[in-house]
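protein_36.tsv, holding TSV, C-alpha atoms and all ligand atoms:
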```tsv
chain	number	residue	atom	x	y	z
A	1	MET	CA	81.75	86.48	95.52
A	2	ARG	CA	83.81	87.94	98.38
A	3	LYS	CA	85.62	91.13	97.55
A	4	ILE	CA	89.39	90.77	97.48
A	5	LEU	CA	90.53	93.82	99.40
A	6	PHE	CA	93.67	95.78	98.70
A	7	ASN	CA	94.15	96.48	102.38
A	8	ASN	CA	92.56	95.44	105.64
A	9	ILE	CA	92.72	96.31	109.31
A	10	GLY	CA	94.98	93.41	110.17
A	11	ASN	CA	94.35	90.27	112.13
A	12	SER	CA	95.29	91.43	115.60
A	13	SER	CA	91.82	91.48	117.07
A	14	ASP	CA	93.69	90.71	120.29
A	15	TYR	CA	94.30	94.42	120.63
A	16	LEU	CA	90.76	94.71	121.97
A	17	LYS	CA	91.95	93.15	125.22
A	18	ASN	CA	94.71	95.77	125.47
A	19	ILE	CA	92.18	98.52	124.98
A	20	ALA	CA	89.92	96.99	127.64
A	21	LEU	CA	92.89	96.96	130.01
A	22	LEU	CA	93.55	100.64	129.38
A	23	HIS	CA	89.90	101.39	129.87
A	24	SER	CA	90.02	99.85	133.33
A	25	ASP	CA	93.07	101.69	134.62
A	26	TYR	CA	93.75	105.43	134.32
A	27	ASP	CA	97.31	104.89	135.51
A	28	MET	CA	98.10	102.77	132.47
A	29	PHE	CA	97.21	105.74	130.29
A	30	ARG	CA	99.12	108.17	132.43
A	31	LYS	CA	102.23	106.03	132.59
A	32	LYS	CA	102.06	105.23	128.87
A	33	HIS	CA	102.01	101.52	129.56
A	34	PHE	CA	101.73	100.31	125.96
A	35	SER	CA	103.98	103.00	124.47
A	36	ASN	CA	106.71	101.91	126.87
A	37	HIS	CA	106.16	98.23	126.08
A	38	CYS	CA	106.38	99.02	122.36
A	39	ILE	CA	109.62	100.92	122.87
A	40	ASP	CA	111.09	97.98	124.84
A	41	ILE	CA	110.46	95.69	121.88
A	42	LEU	CA	111.48	98.22	119.24
A	43	GLN	CA	114.70	99.07	121.07
A	44	LYS	CA	115.90	95.50	120.45
A	45	VAL	CA	115.63	96.12	116.70
A	46	TYR	CA	116.67	99.78	116.52
A	47	ASN	CA	119.22	99.34	119.27
A	48	LYS	CA	121.38	102.36	118.49
A	49	SER	CA	118.49	104.81	117.94
A	50	GLU	CA	116.51	107.02	120.27
A	51	ILE	CA	112.90	106.01	119.60
A	52	LEU	CA	109.98	108.44	119.84
A	53	LEU	CA	106.51	107.10	119.03
A	54	THR	CA	104.53	109.79	117.25
A	55	HIS	CA	100.97	110.33	116.08
A	56	SER	CA	102.14	109.82	112.46
A	57	ALA	CA	105.19	109.65	110.24
A	58	THR	CA	104.08	113.09	109.04
A	59	GLY	CA	104.54	114.36	112.61
A	60	ALA	CA	107.93	112.65	112.85
A	61	LEU	CA	109.07	114.37	109.63
A	62	GLU	CA	107.87	117.71	111.02
A	63	MET	CA	109.94	117.08	114.14
A	64	VAL	CA	113.01	116.53	111.93
A	65	ALA	CA	112.36	119.84	110.15
A	66	THR	CA	112.38	121.60	113.54
A	67	LEU	CA	115.39	119.62	114.79
A	68	ILE	CA	117.58	120.64	111.85
A	69	ASN	CA	116.37	124.26	112.06
A	70	ILE	CA	114.88	124.48	108.58
A	71	LYS	CA	114.68	128.12	107.44
A	72	PRO	CA	112.92	129.69	104.44
A	73	ASN	CA	114.70	128.87	101.16
A	74	ASP	CA	116.72	125.96	102.54
A	75	GLU	CA	116.66	123.23	99.91
A	76	ILE	CA	115.76	119.61	100.64
A	77	ILE	CA	116.45	116.88	98.10
A	78	MET	CA	113.88	114.09	97.84
A	79	PRO	CA	112.28	111.82	95.26
A	80	SER	CA	109.25	113.16	93.42
A	81	PHE	CA	107.64	109.73	93.67
A	82	THR	CA	106.69	109.96	97.33
A	83	PHE	CA	103.87	110.99	99.64
A	84	VAL	CA	103.13	114.68	100.19
A	85	SER	CA	104.28	114.51	103.82
A	86	THR	CA	107.89	113.95	102.74
A	87	ALA	CA	107.84	117.40	101.17
A	88	ASN	CA	105.26	119.24	103.25
A	89	ALA	CA	106.99	118.74	106.59
A	90	PHE	CA	109.84	120.91	105.26
A	91	VAL	CA	107.80	123.19	102.98
A	92	ASN	CA	105.72	124.15	106.04
A	93	LYS	CA	108.87	125.88	107.30
A	94	GLY	CA	109.57	127.61	104.00
A	95	ALA	CA	111.99	125.07	102.51
A	96	ILE	CA	112.19	124.41	98.78
A	97	PRO	CA	111.74	120.79	97.72
A	98	VAL	CA	114.21	119.71	95.05
A	99	PHE	CA	112.82	116.61	93.40
A	100	VAL	CA	115.09	113.96	91.94
A	101	ASP	CA	113.96	111.24	89.55
A	102	ILE	CA	113.69	107.59	90.59
A	103	LYS	CA	115.33	104.46	89.27
A	104	PHE	CA	113.29	101.96	87.34
A	105	ASP	CA	114.54	98.91	89.26
A	106	THR	CA	113.71	99.90	92.85
A	107	LEU	CA	111.53	103.02	92.32
A	108	ASN	CA	113.89	104.74	94.77
A	109	ILE	CA	115.69	108.07	94.32
A	110	ASP	CA	118.38	107.85	91.64
A	111	GLU	CA	121.54	108.38	93.64
A	112	THR	CA	123.61	108.82	90.46
A	113	ILE	CA	121.99	112.21	89.74
A	114	ILE	CA	121.60	113.56	93.28
A	115	GLU	CA	124.78	115.66	93.01
A	116	LYS	CA	123.24	117.64	90.12
A	117	ALA	CA	120.55	118.81	92.56
A	118	ILE	CA	122.95	120.14	95.20
A	119	THR	CA	123.47	123.90	95.65
A	120	PRO	CA	124.93	125.94	98.54
A	121	LYS	CA	121.38	126.10	99.95
A	122	THR	CA	120.97	122.32	100.18
A	123	LYS	CA	120.44	121.23	103.76
A	124	ALA	CA	119.40	117.56	103.60
A	125	ILE	CA	118.70	114.54	101.43
A	126	ILE	CA	115.68	112.37	102.07
A	127	ALA	CA	116.10	108.73	101.16
A	128	MET	CA	112.60	107.30	100.88
A	129	HIS	CA	112.65	103.50	100.79
A	130	TYR	CA	109.87	102.74	98.33
A	131	ALA	CA	107.78	99.72	99.33
A	132	GLY	CA	110.41	98.94	101.96
A	133	HIS	CA	113.19	98.36	99.40
A	134	PRO	CA	116.38	100.03	100.59
A	135	CYS	CA	117.82	103.01	98.75
A	136	ASN	CA	121.51	102.81	97.90
A	137	MET	CA	122.47	104.08	101.35
A	138	ASP	CA	126.24	103.70	100.88
A	139	ALA	CA	126.21	106.07	97.91
A	140	ILE	CA	123.77	108.55	99.48
A	141	LYS	CA	125.71	108.59	102.75
A	142	LEU	CA	128.92	109.41	100.89
A	143	ILE	CA	127.20	112.34	99.13
A	144	CYS	CA	125.90	113.63	102.47
A	145	GLU	CA	129.39	113.41	103.98
A	146	LYS	CA	130.99	115.12	100.96
A	147	TYR	CA	128.58	118.10	101.06
A	148	ASN	CA	127.93	118.12	104.82
A	149	LEU	CA	124.21	117.42	104.48
A	150	TYR	CA	121.76	115.76	106.84
A	151	LEU	CA	120.61	112.30	105.79
A	152	ILE	CA	116.95	111.63	106.57
A	153	GLU	CA	115.37	108.26	105.89
A	154	ASP	CA	111.69	108.19	105.09
A	155	ALA	CA	111.15	104.55	106.02
A	156	ALA	CA	107.36	105.03	106.23
A	157	MET	CA	106.85	101.76	104.34
A	158	ALA	CA	109.87	99.93	105.66
A	159	TYR	CA	109.23	98.58	109.16
A	160	GLY	CA	111.18	95.36	109.62
A	161	MET	CA	113.37	95.79	106.52
A	162	PHE	CA	117.15	95.98	106.57
A	163	TYR	CA	120.10	97.29	104.57
A	164	GLN	CA	123.35	95.40	105.10
A	165	GLY	CA	122.03	94.14	108.43
A	166	LYS	CA	120.94	97.59	109.66
A	167	PRO	CA	117.24	98.38	110.10
A	168	LEU	CA	115.96	100.98	107.65
A	169	GLY	CA	115.50	104.25	109.46
A	170	SER	CA	118.56	103.71	111.65
A	171	ILE	CA	121.24	104.51	109.04
A	172	GLY	CA	120.80	108.24	108.40
A	173	ASP	CA	120.88	111.02	110.99
A	174	PHE	CA	117.12	110.57	111.38
A	175	GLY	CA	114.58	108.01	110.26
A	176	VAL	CA	110.80	107.94	110.26
A	177	VAL	CA	108.46	104.94	110.10
A	178	SER	CA	104.69	105.01	109.61
A	179	TYR	CA	102.23	102.85	111.56
A	180	ASP	CA	99.28	104.15	109.59
A	181	ILE	CA	96.41	101.81	108.69
A	182	THR	CA	97.85	101.60	105.17
A	183	LYS	CA	101.09	100.07	106.46
A	184	HIS	CA	101.95	96.42	107.14
A	185	ILE	CA	102.46	97.02	110.86
A	186	THR	CA	99.78	99.39	112.04
A	187	ALA	CA	98.63	101.31	115.07
A	188	ILE	CA	95.65	102.41	112.88
A	189	GLN	CA	97.32	105.80	113.03
A	190	GLY	CA	100.86	106.29	114.26
A	191	GLY	CA	104.49	106.77	113.47
A	192	MET	CA	107.99	106.75	114.88
A	193	LEU	CA	110.99	109.04	114.84
A	194	LEU	CA	114.42	107.47	115.10
A	195	VAL	CA	117.11	109.88	116.24
A	196	ASN	CA	120.41	108.30	115.34
A	197	LYS	CA	122.77	111.08	116.45
A	198	SER	CA	122.99	111.41	120.21
A	199	SER	CA	123.57	115.19	120.04
A	200	PHE	CA	119.93	115.61	118.90
A	201	LYS	CA	118.36	113.44	121.60
A	202	THR	CA	117.55	116.06	124.24
A	203	ARG	CA	116.08	118.52	121.76
A	204	ALA	CA	114.06	115.79	120.08
A	205	HIS	CA	112.31	115.07	123.39
A	206	GLN	CA	111.65	118.76	123.96
A	207	ILE	CA	110.08	119.23	120.52
A	208	TYR	CA	108.09	116.01	121.13
A	209	HIS	CA	106.72	117.34	124.42
A	210	ILE	CA	105.29	120.61	123.06
A	211	GLY	CA	108.61	122.41	123.51
A	212	THR	CA	109.01	121.55	127.21
A	213	ASN	CA	111.66	119.72	129.22
A	214	ARG	CA	109.05	117.20	130.34
A	215	LYS	CA	111.44	114.28	129.76
A	216	ALA	CA	113.97	115.77	132.21
A	217	PHE	CA	111.12	116.24	134.70
A	218	ASP	CA	109.97	112.63	134.25
A	219	LEU	CA	113.54	111.50	134.94
A	220	GLY	CA	113.58	113.57	138.14
A	221	GLU	CA	116.28	115.88	136.79
A	222	VAL	CA	114.26	119.09	137.25
A	223	ALA	CA	111.61	120.10	139.77
A	224	HIS	CA	109.13	121.45	137.21
A	225	TYR	CA	108.88	121.22	133.50
A	226	GLU	CA	108.78	124.43	131.53
A	227	TRP	CA	108.71	125.90	128.05
A	228	VAL	CA	112.20	125.66	126.55
A	229	ASP	CA	111.85	125.16	122.77
A	230	GLN	CA	109.54	124.99	119.77
A	231	GLY	CA	107.43	121.88	119.52
A	232	SER	CA	104.02	120.33	119.39
A	233	LYS	CA	102.01	117.41	120.72
A	234	TYR	CA	103.67	114.77	118.58
A	235	GLN	CA	103.13	111.84	120.94
A	236	MET	CA	101.29	108.67	119.98
A	237	ASN	CA	97.86	108.27	121.53
A	238	GLU	CA	97.93	105.42	124.07
A	239	LEU	CA	94.97	103.69	122.38
A	240	ASN	CA	97.04	103.52	119.21
A	241	ALA	CA	100.00	102.24	121.22
A	242	ALA	CA	97.79	99.42	122.58
A	243	ILE	CA	97.12	98.37	118.98
A	244	LEU	CA	100.73	98.82	117.92
A	245	TYR	CA	101.91	96.63	120.81
A	246	GLN	CA	99.83	93.76	119.49
A	247	GLU	CA	101.07	94.30	115.94
A	248	ILE	CA	104.77	94.51	116.71
A	249	SER	CA	104.43	91.49	119.01
A	250	SER	CA	103.20	89.56	115.96
A	251	SER	CA	105.37	91.32	113.41
A	252	GLU	CA	107.41	88.22	112.57
A	253	SER	CA	104.37	86.24	111.49
A	254	ILE	CA	102.91	89.24	109.64
A	255	ILE	CA	106.14	89.72	107.70
A	256	TYR	CA	106.41	85.98	107.04
A	257	HIS	CA	102.84	85.86	105.71
A	258	ARG	CA	103.33	88.83	103.40
A	259	LYS	CA	106.69	87.55	102.10
A	260	LYS	CA	105.06	84.21	101.30
A	261	LEU	CA	102.23	85.90	99.37
A	262	SER	CA	104.68	88.13	97.53
A	263	ALA	CA	106.69	85.11	96.46
A	264	LEU	CA	103.48	83.45	95.27
A	265	TYR	CA	102.46	86.50	93.20
A	266	TYR	CA	105.96	86.60	91.78
A	267	SER	CA	106.12	82.93	90.81
A	268	ILE	CA	102.73	82.94	89.06
A	269	LEU	CA	103.02	86.32	87.33
A	270	LYS	CA	106.57	85.57	86.18
A	271	LYS	CA	105.21	82.59	84.26
A	272	PHE	CA	102.72	84.77	82.38
A	273	GLN	CA	105.18	87.58	81.78
A	274	PRO	CA	106.44	86.45	78.34
A	275	ALA	CA	102.89	86.77	76.97
A	276	THR	CA	102.44	90.28	78.42
A	277	LYS	CA	104.32	93.55	78.46
A	278	TYR	CA	104.37	94.15	82.21
A	279	VAL	CA	107.55	94.62	84.14
A	280	MET	CA	108.03	92.94	87.51
A	281	LEU	CA	110.30	93.71	90.39
A	282	SER	CA	113.50	91.68	90.38
A	283	GLU	CA	113.62	88.40	92.26
A	284	GLU	CA	116.33	89.93	94.43
A	285	LEU	CA	113.79	92.41	95.84
A	286	LEU	CA	111.48	89.66	97.11
A	287	LYS	CA	113.59	89.65	100.29
A	288	THR	CA	112.19	93.06	101.20
A	289	ASN	CA	108.87	92.87	99.39
A	290	ILE	CA	106.26	92.84	102.10
A	291	HIS	CA	104.62	96.22	101.92
A	292	GLU	CA	102.93	95.79	98.54
A	293	PHE	CA	103.08	93.83	95.30
A	294	TYR	CA	103.19	95.91	92.15
A	295	LEU	CA	103.46	95.51	88.42
A	296	VAL	CA	104.50	98.17	85.95
A	297	VAL	CA	102.32	97.67	82.89
A	298	GLU	CA	102.84	99.02	79.38
A	299	SER	CA	100.81	102.25	79.59
A	300	MET	CA	98.47	104.32	81.71
A	301	VAL	CA	95.55	103.27	79.50
A	302	ILE	CA	96.28	99.59	80.10
A	303	ARG	CA	96.83	100.23	83.83
A	304	ASN	CA	93.47	101.96	84.18
A	305	GLN	CA	91.74	99.27	82.12
A	306	LEU	CA	93.29	96.57	84.30
A	307	ILE	CA	92.15	98.33	87.49
A	308	GLU	CA	88.60	98.52	86.09
A	309	PHE	CA	88.69	94.90	84.87
A	310	LEU	CA	89.76	93.70	88.32
A	311	LYS	CA	87.18	95.90	90.02
A	312	ASP	CA	84.53	94.20	87.94
A	313	LYS	CA	85.76	90.89	89.36
A	314	GLN	CA	85.53	92.25	92.93
A	315	ILE	CA	89.30	92.74	93.16
A	316	GLU	CA	90.66	96.01	94.51
A	317	ALA	CA	93.88	97.17	92.82
A	318	LEU	CA	95.31	100.67	93.02
A	319	SER	CA	97.70	103.08	91.35
A	320	HIS	CA	100.07	105.03	93.61
A	321	TYR	CA	101.68	108.46	94.12
A	322	GLN	CA	101.19	111.26	91.62
A	323	PRO	CA	104.60	112.85	90.91
A	324	LEU	CA	105.05	115.70	93.37
A	325	HIS	CA	106.95	117.85	90.85
A	326	LEU	CA	103.88	117.85	88.58
A	327	SER	CA	101.40	118.70	91.35
A	328	PRO	CA	100.15	122.29	91.74
A	329	MET	CA	102.27	122.83	94.88
A	330	GLY	CA	105.32	121.06	93.46
A	331	LYS	CA	105.26	123.12	90.25
A	332	ASN	CA	104.94	126.28	92.28
A	333	MET	CA	107.52	125.54	94.95
A	334	GLY	CA	110.08	123.08	93.72
A	335	ARG	CA	112.29	122.01	90.85
A	336	PHE	CA	112.98	118.64	89.31
A	337	ILE	CA	116.20	116.92	88.26
A	338	GLY	CA	116.15	113.88	86.01
A	339	GLY	CA	114.29	112.18	83.20
A	340	ASN	CA	110.82	110.72	82.99
A	341	ASN	CA	110.95	107.60	85.16
A	342	THR	CA	108.83	109.22	87.89
A	343	GLU	CA	106.09	110.21	85.48
A	344	GLY	CA	106.23	106.88	83.63
A	345	ILE	CA	106.04	104.82	86.82
A	346	ALA	CA	103.23	106.94	88.27
A	347	GLN	CA	101.22	106.33	85.10
A	348	ARG	CA	101.93	102.62	84.79
A	349	ILE	CA	102.15	101.18	88.29
A	350	ILE	CA	99.40	98.94	89.63
A	351	ARG	CA	99.39	97.61	93.18
A	352	LEU	CA	97.63	94.31	93.86
A	353	PRO	CA	95.85	93.16	97.03
A	354	LEU	CA	98.33	92.25	99.75
A	355	ASN	CA	97.36	92.52	103.38
A	356	ASN	CA	97.59	90.56	106.58
A	357	LEU	CA	94.32	88.75	105.82
A	358	THR	CA	94.97	88.05	102.13
A	359	THR	CA	94.94	84.31	101.45
A	360	GLU	CA	96.94	82.24	98.97
A	361	SER	CA	93.76	81.39	97.07
A	362	GLU	CA	93.00	85.11	96.73
A	363	VAL	CA	96.47	85.70	95.28
A	364	ILE	CA	95.87	82.85	92.83
A	365	GLU	CA	92.50	84.34	91.89
A	366	VAL	CA	94.01	87.80	91.28
A	367	CYS	CA	96.69	86.23	89.05
A	368	GLU	CA	94.04	84.23	87.15
A	369	GLN	CA	92.12	87.43	86.44
A	370	ILE	CA	95.30	89.21	85.26
A	371	LYS	CA	95.83	86.23	82.94
A	372	ALA	CA	92.26	86.62	81.67
A	373	PHE	CA	92.80	90.37	81.13
A	374	TYR	CA	95.79	89.62	78.91
A	375	ASN	CA	93.89	86.81	77.12
A	376	ILE	CA	96.56	84.27	77.93
B	401	LIG	C1	106.68	107.72	101.90
B	401	LIG	C2	105.75	108.20	102.95
B	401	LIG	N1	106.17	109.10	103.85
B	401	LIG	C3	105.37	109.56	104.82
B	401	LIG	C4	104.07	109.12	104.94
B	401	LIG	C5	103.21	109.68	106.03
B	401	LIG	O1	102.87	108.68	106.94
B	401	LIG	P1	101.71	108.94	108.02
B	401	LIG	O2	100.43	108.60	107.34
B	401	LIG	O3	102.02	107.99	109.14
B	401	LIG	O4	101.77	110.35	108.44
B	401	LIG	C6	103.58	108.17	104.04
B	401	LIG	C7	102.20	107.70	104.15
B	401	LIG	O5	101.69	106.97	103.36
B	401	LIG	C8	104.43	107.70	103.01
B	401	LIG	O6	104.02	106.83	102.10
```
So that I can check it, write out the structure of this file as structure tokens.
Ligand SMILES: Cc1ncc(COP(=O)(O)O)c(C=O)c1O
Amino acid sequence: MRKILFNNIGNSSDYLKNIALLHSDYDMFRKKHFSNHCIDILQKVYNKSEILLTHSATGALEMVATLINIKPNDEIIMPSFTFVSTANAFVNKGAIPVFVDIKFDTLNIDETIIEKAITPKTKAIIAMHYAGHPCNMDAIKLICEKYNLYLIEDAAMAYGMFYQGKPLGSIGDFGVVSYDITKHITAIQGGMLLVNKSSFKTRAHQIYHIGTNRKAFDLGEVAHYEWVDQGSKYQMNELNAAILYQEISSSESIIYHRKKLSALYYSILKKFQPATKYVMLSEELLKTNIHEFYLVVESMVIRNQLIEFLKDKQIEALSHYQPLHLSPMGKNMGRFIGGNNTEGIAQRIIRLPLNNLTTESEVIEVCEQIKAFYNI
């Protein structure tokens, strides 16, 4: 029996021709041919943002930490149910992560308790859009305005998703997107920084170019480029850009495919739900459910048993983030505001196979095996 994979490297084997093209022409590398083509396409979506393609979303978050001049003991509010990069990019500069609990419906930061986490040291709030589902950006934006805080969107999982017609990542002061191999649109490794405030544009390019005014030089504004700021080599590798170009050129069909599979999972698993104790995302969220398909089952024991049961049937299903506030670093460095949703979700979530090569019959097979697990 063929293994049903949780993730896969996508179906854009066409990127091989892009790589062959690069291989044949040094100038295409030098002039960042594919990076520029990607930006042309992306600019149509993120039309008000300055777009910088990076080697990772982690790198893009680190750029934000430099851009907003993070100093030791500055406090950054973020969910605890997120990837380490969300915290580490700021902790690397001495900031203190202040973790806020998530909501059970979207698994996003609970905006109703954010104000309890604010102190005079608070510098920014990070809205991480879990699985591409938008945080309550209206409420979070109001809090940022009230306390004069930066709003950073961690849209690592949210390429192609929108909030009130605006692409996720383009609403806060800064947004980051990941094009890692684990994401639905992938460069194998890559990311993107969206700078949404024009006053940060020039500095963003300097930090991006190892602290030099290379961008001004490229535009013919200065005779030489020189060291003017902090920074690092955050740029996306051109080989990754060649892959990304193929992926974003086919992003509509990728998103369509994943939405269709999500809806299929939803319709089948909803039917079984009365005979089980798992919780499903709301139907409303299917609109933005392309990154993954998850269930929240009754306990960690059941979740782990289900993962093992599916593994036995050649089906790969996974848990997700461990709460950052309970990790060794989080306990040492940060503090936590809220109840126990983060811990409960981390123990009970199970993510099912959903990738660009997943087929409808594989989704049906996964659902059949979940049915068998619950003896329905
Ligand atoms: C919420 C979140 N932020 C940031 C990242 C980091 O992305 P990258 O792997 O592109 O550095 C990830 C990666 O999974 C993530 O899930």
Close residues to ligand LIG 401 (chain B) using all atoms listed in the file, limit 9 Å, as JSON, numbers by chain: {"A": [54, 55, 56, 57, 58, 59, 60, 61, 81, 82, 83, 84, 85, 86, 87, 128, 129, 130, 131, 154, 155, 156, 157, 176, 177, 178, 179, 180, 181, 182, 183, 189, 190, 191, 192, 321]}
Hey, which bits of region 144-216 of chain A sit within 12 Å of region 12-26 of chain A, and for each residue what's the closest pair of atoms and how far apart in Å (one decimal), counting all atoms listed in the file, rows by chain and increasing number, as CSV?
```
residue,atom,partner,partner_atom,distance
A:His184,CA,A:Ser12,CA,11.9
A:Ile185,CA,A:Ser12,CA,10.3
A:Thr186,CA,A:Ser12,CA,9.8
A:Ala187,CA,A:Tyr15,CA,9.9
A:Ile188,CA,A:Tyr15,CA,11.2
```
Nearby residues (all atoms listed in the file) at most 10 Å from Val228 (chain A), same-chain spacing under 6 positions excluded, as JSON, numbers by chain: {"A": [203, 206, 207, 210, 211, 212, 213, 214]}
Within-9 Å shell of (110.8, 113.5, 121.8) in input frame, only C-alpha atoms, as a count of residues only: 19
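Here CA of Leu264 (chain A) stands at a distance of 26.3 Å from CA of Gly344 (chain A).
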A:Ala242, A:Ala95, A:Val296, A:Ile254 ranked by distance to Asn341 (chain A), top pick (using only C-alpha atoms): A:Val296
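Our summary of the geometry notes that CA of Leu306 (chain A) is positioned 23.9 Å from CA of Lys103 (chain A).
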Straight-line distance linking CA of Lys197 (chain A) with CA of Gly172 (chain A), stated in Å to one decimal: 8.8 Å
Ref. answer, residues at most 12 Å from (115.3, 88.3, 100.9) with all atoms listed in the file, as a PyMOL selection string: chain A and resi 132-134+160-165+255-256+259-260+262-263+282-290
Nearest to Ile315 (chain A) by atom-to-atom distance, counting all atoms listed in the file, from A:Leu354, A:Val297, A:Met333, A:Ala216: A:Leu354
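Each of A:Lys116, A:Lys123, A:Lys48, A:Lys313 was compared to Ile68 (chain A) using only C-alpha atoms, and A:Lys123 turns out to be the nearest.
Among the candidates A:Asn92, A:Ser49, A:Gln369, A:Asn36, the one nearest to Ser198 (chain A) when counting all atoms listed in the file is A:Ser49.
For Glu316 (chain A), the residues within 12 Å (counting only C-alpha atoms, excluding itself and residues fewer than 2 positions away along the chain) are Arg2, Lys3, Ile4, Leu5, Phe6, Asn7, Asn8, Leu306, Ile307, Glu308, Phe309, Leu310, Lys311, Asp312, Lys313, Gln314, Leu318, Ser319, Ile350, Arg351, Leu352, Pro353, Leu354, Asn355, Thr358, Glu362, Val363, Val366 and Gln369 of chain A.
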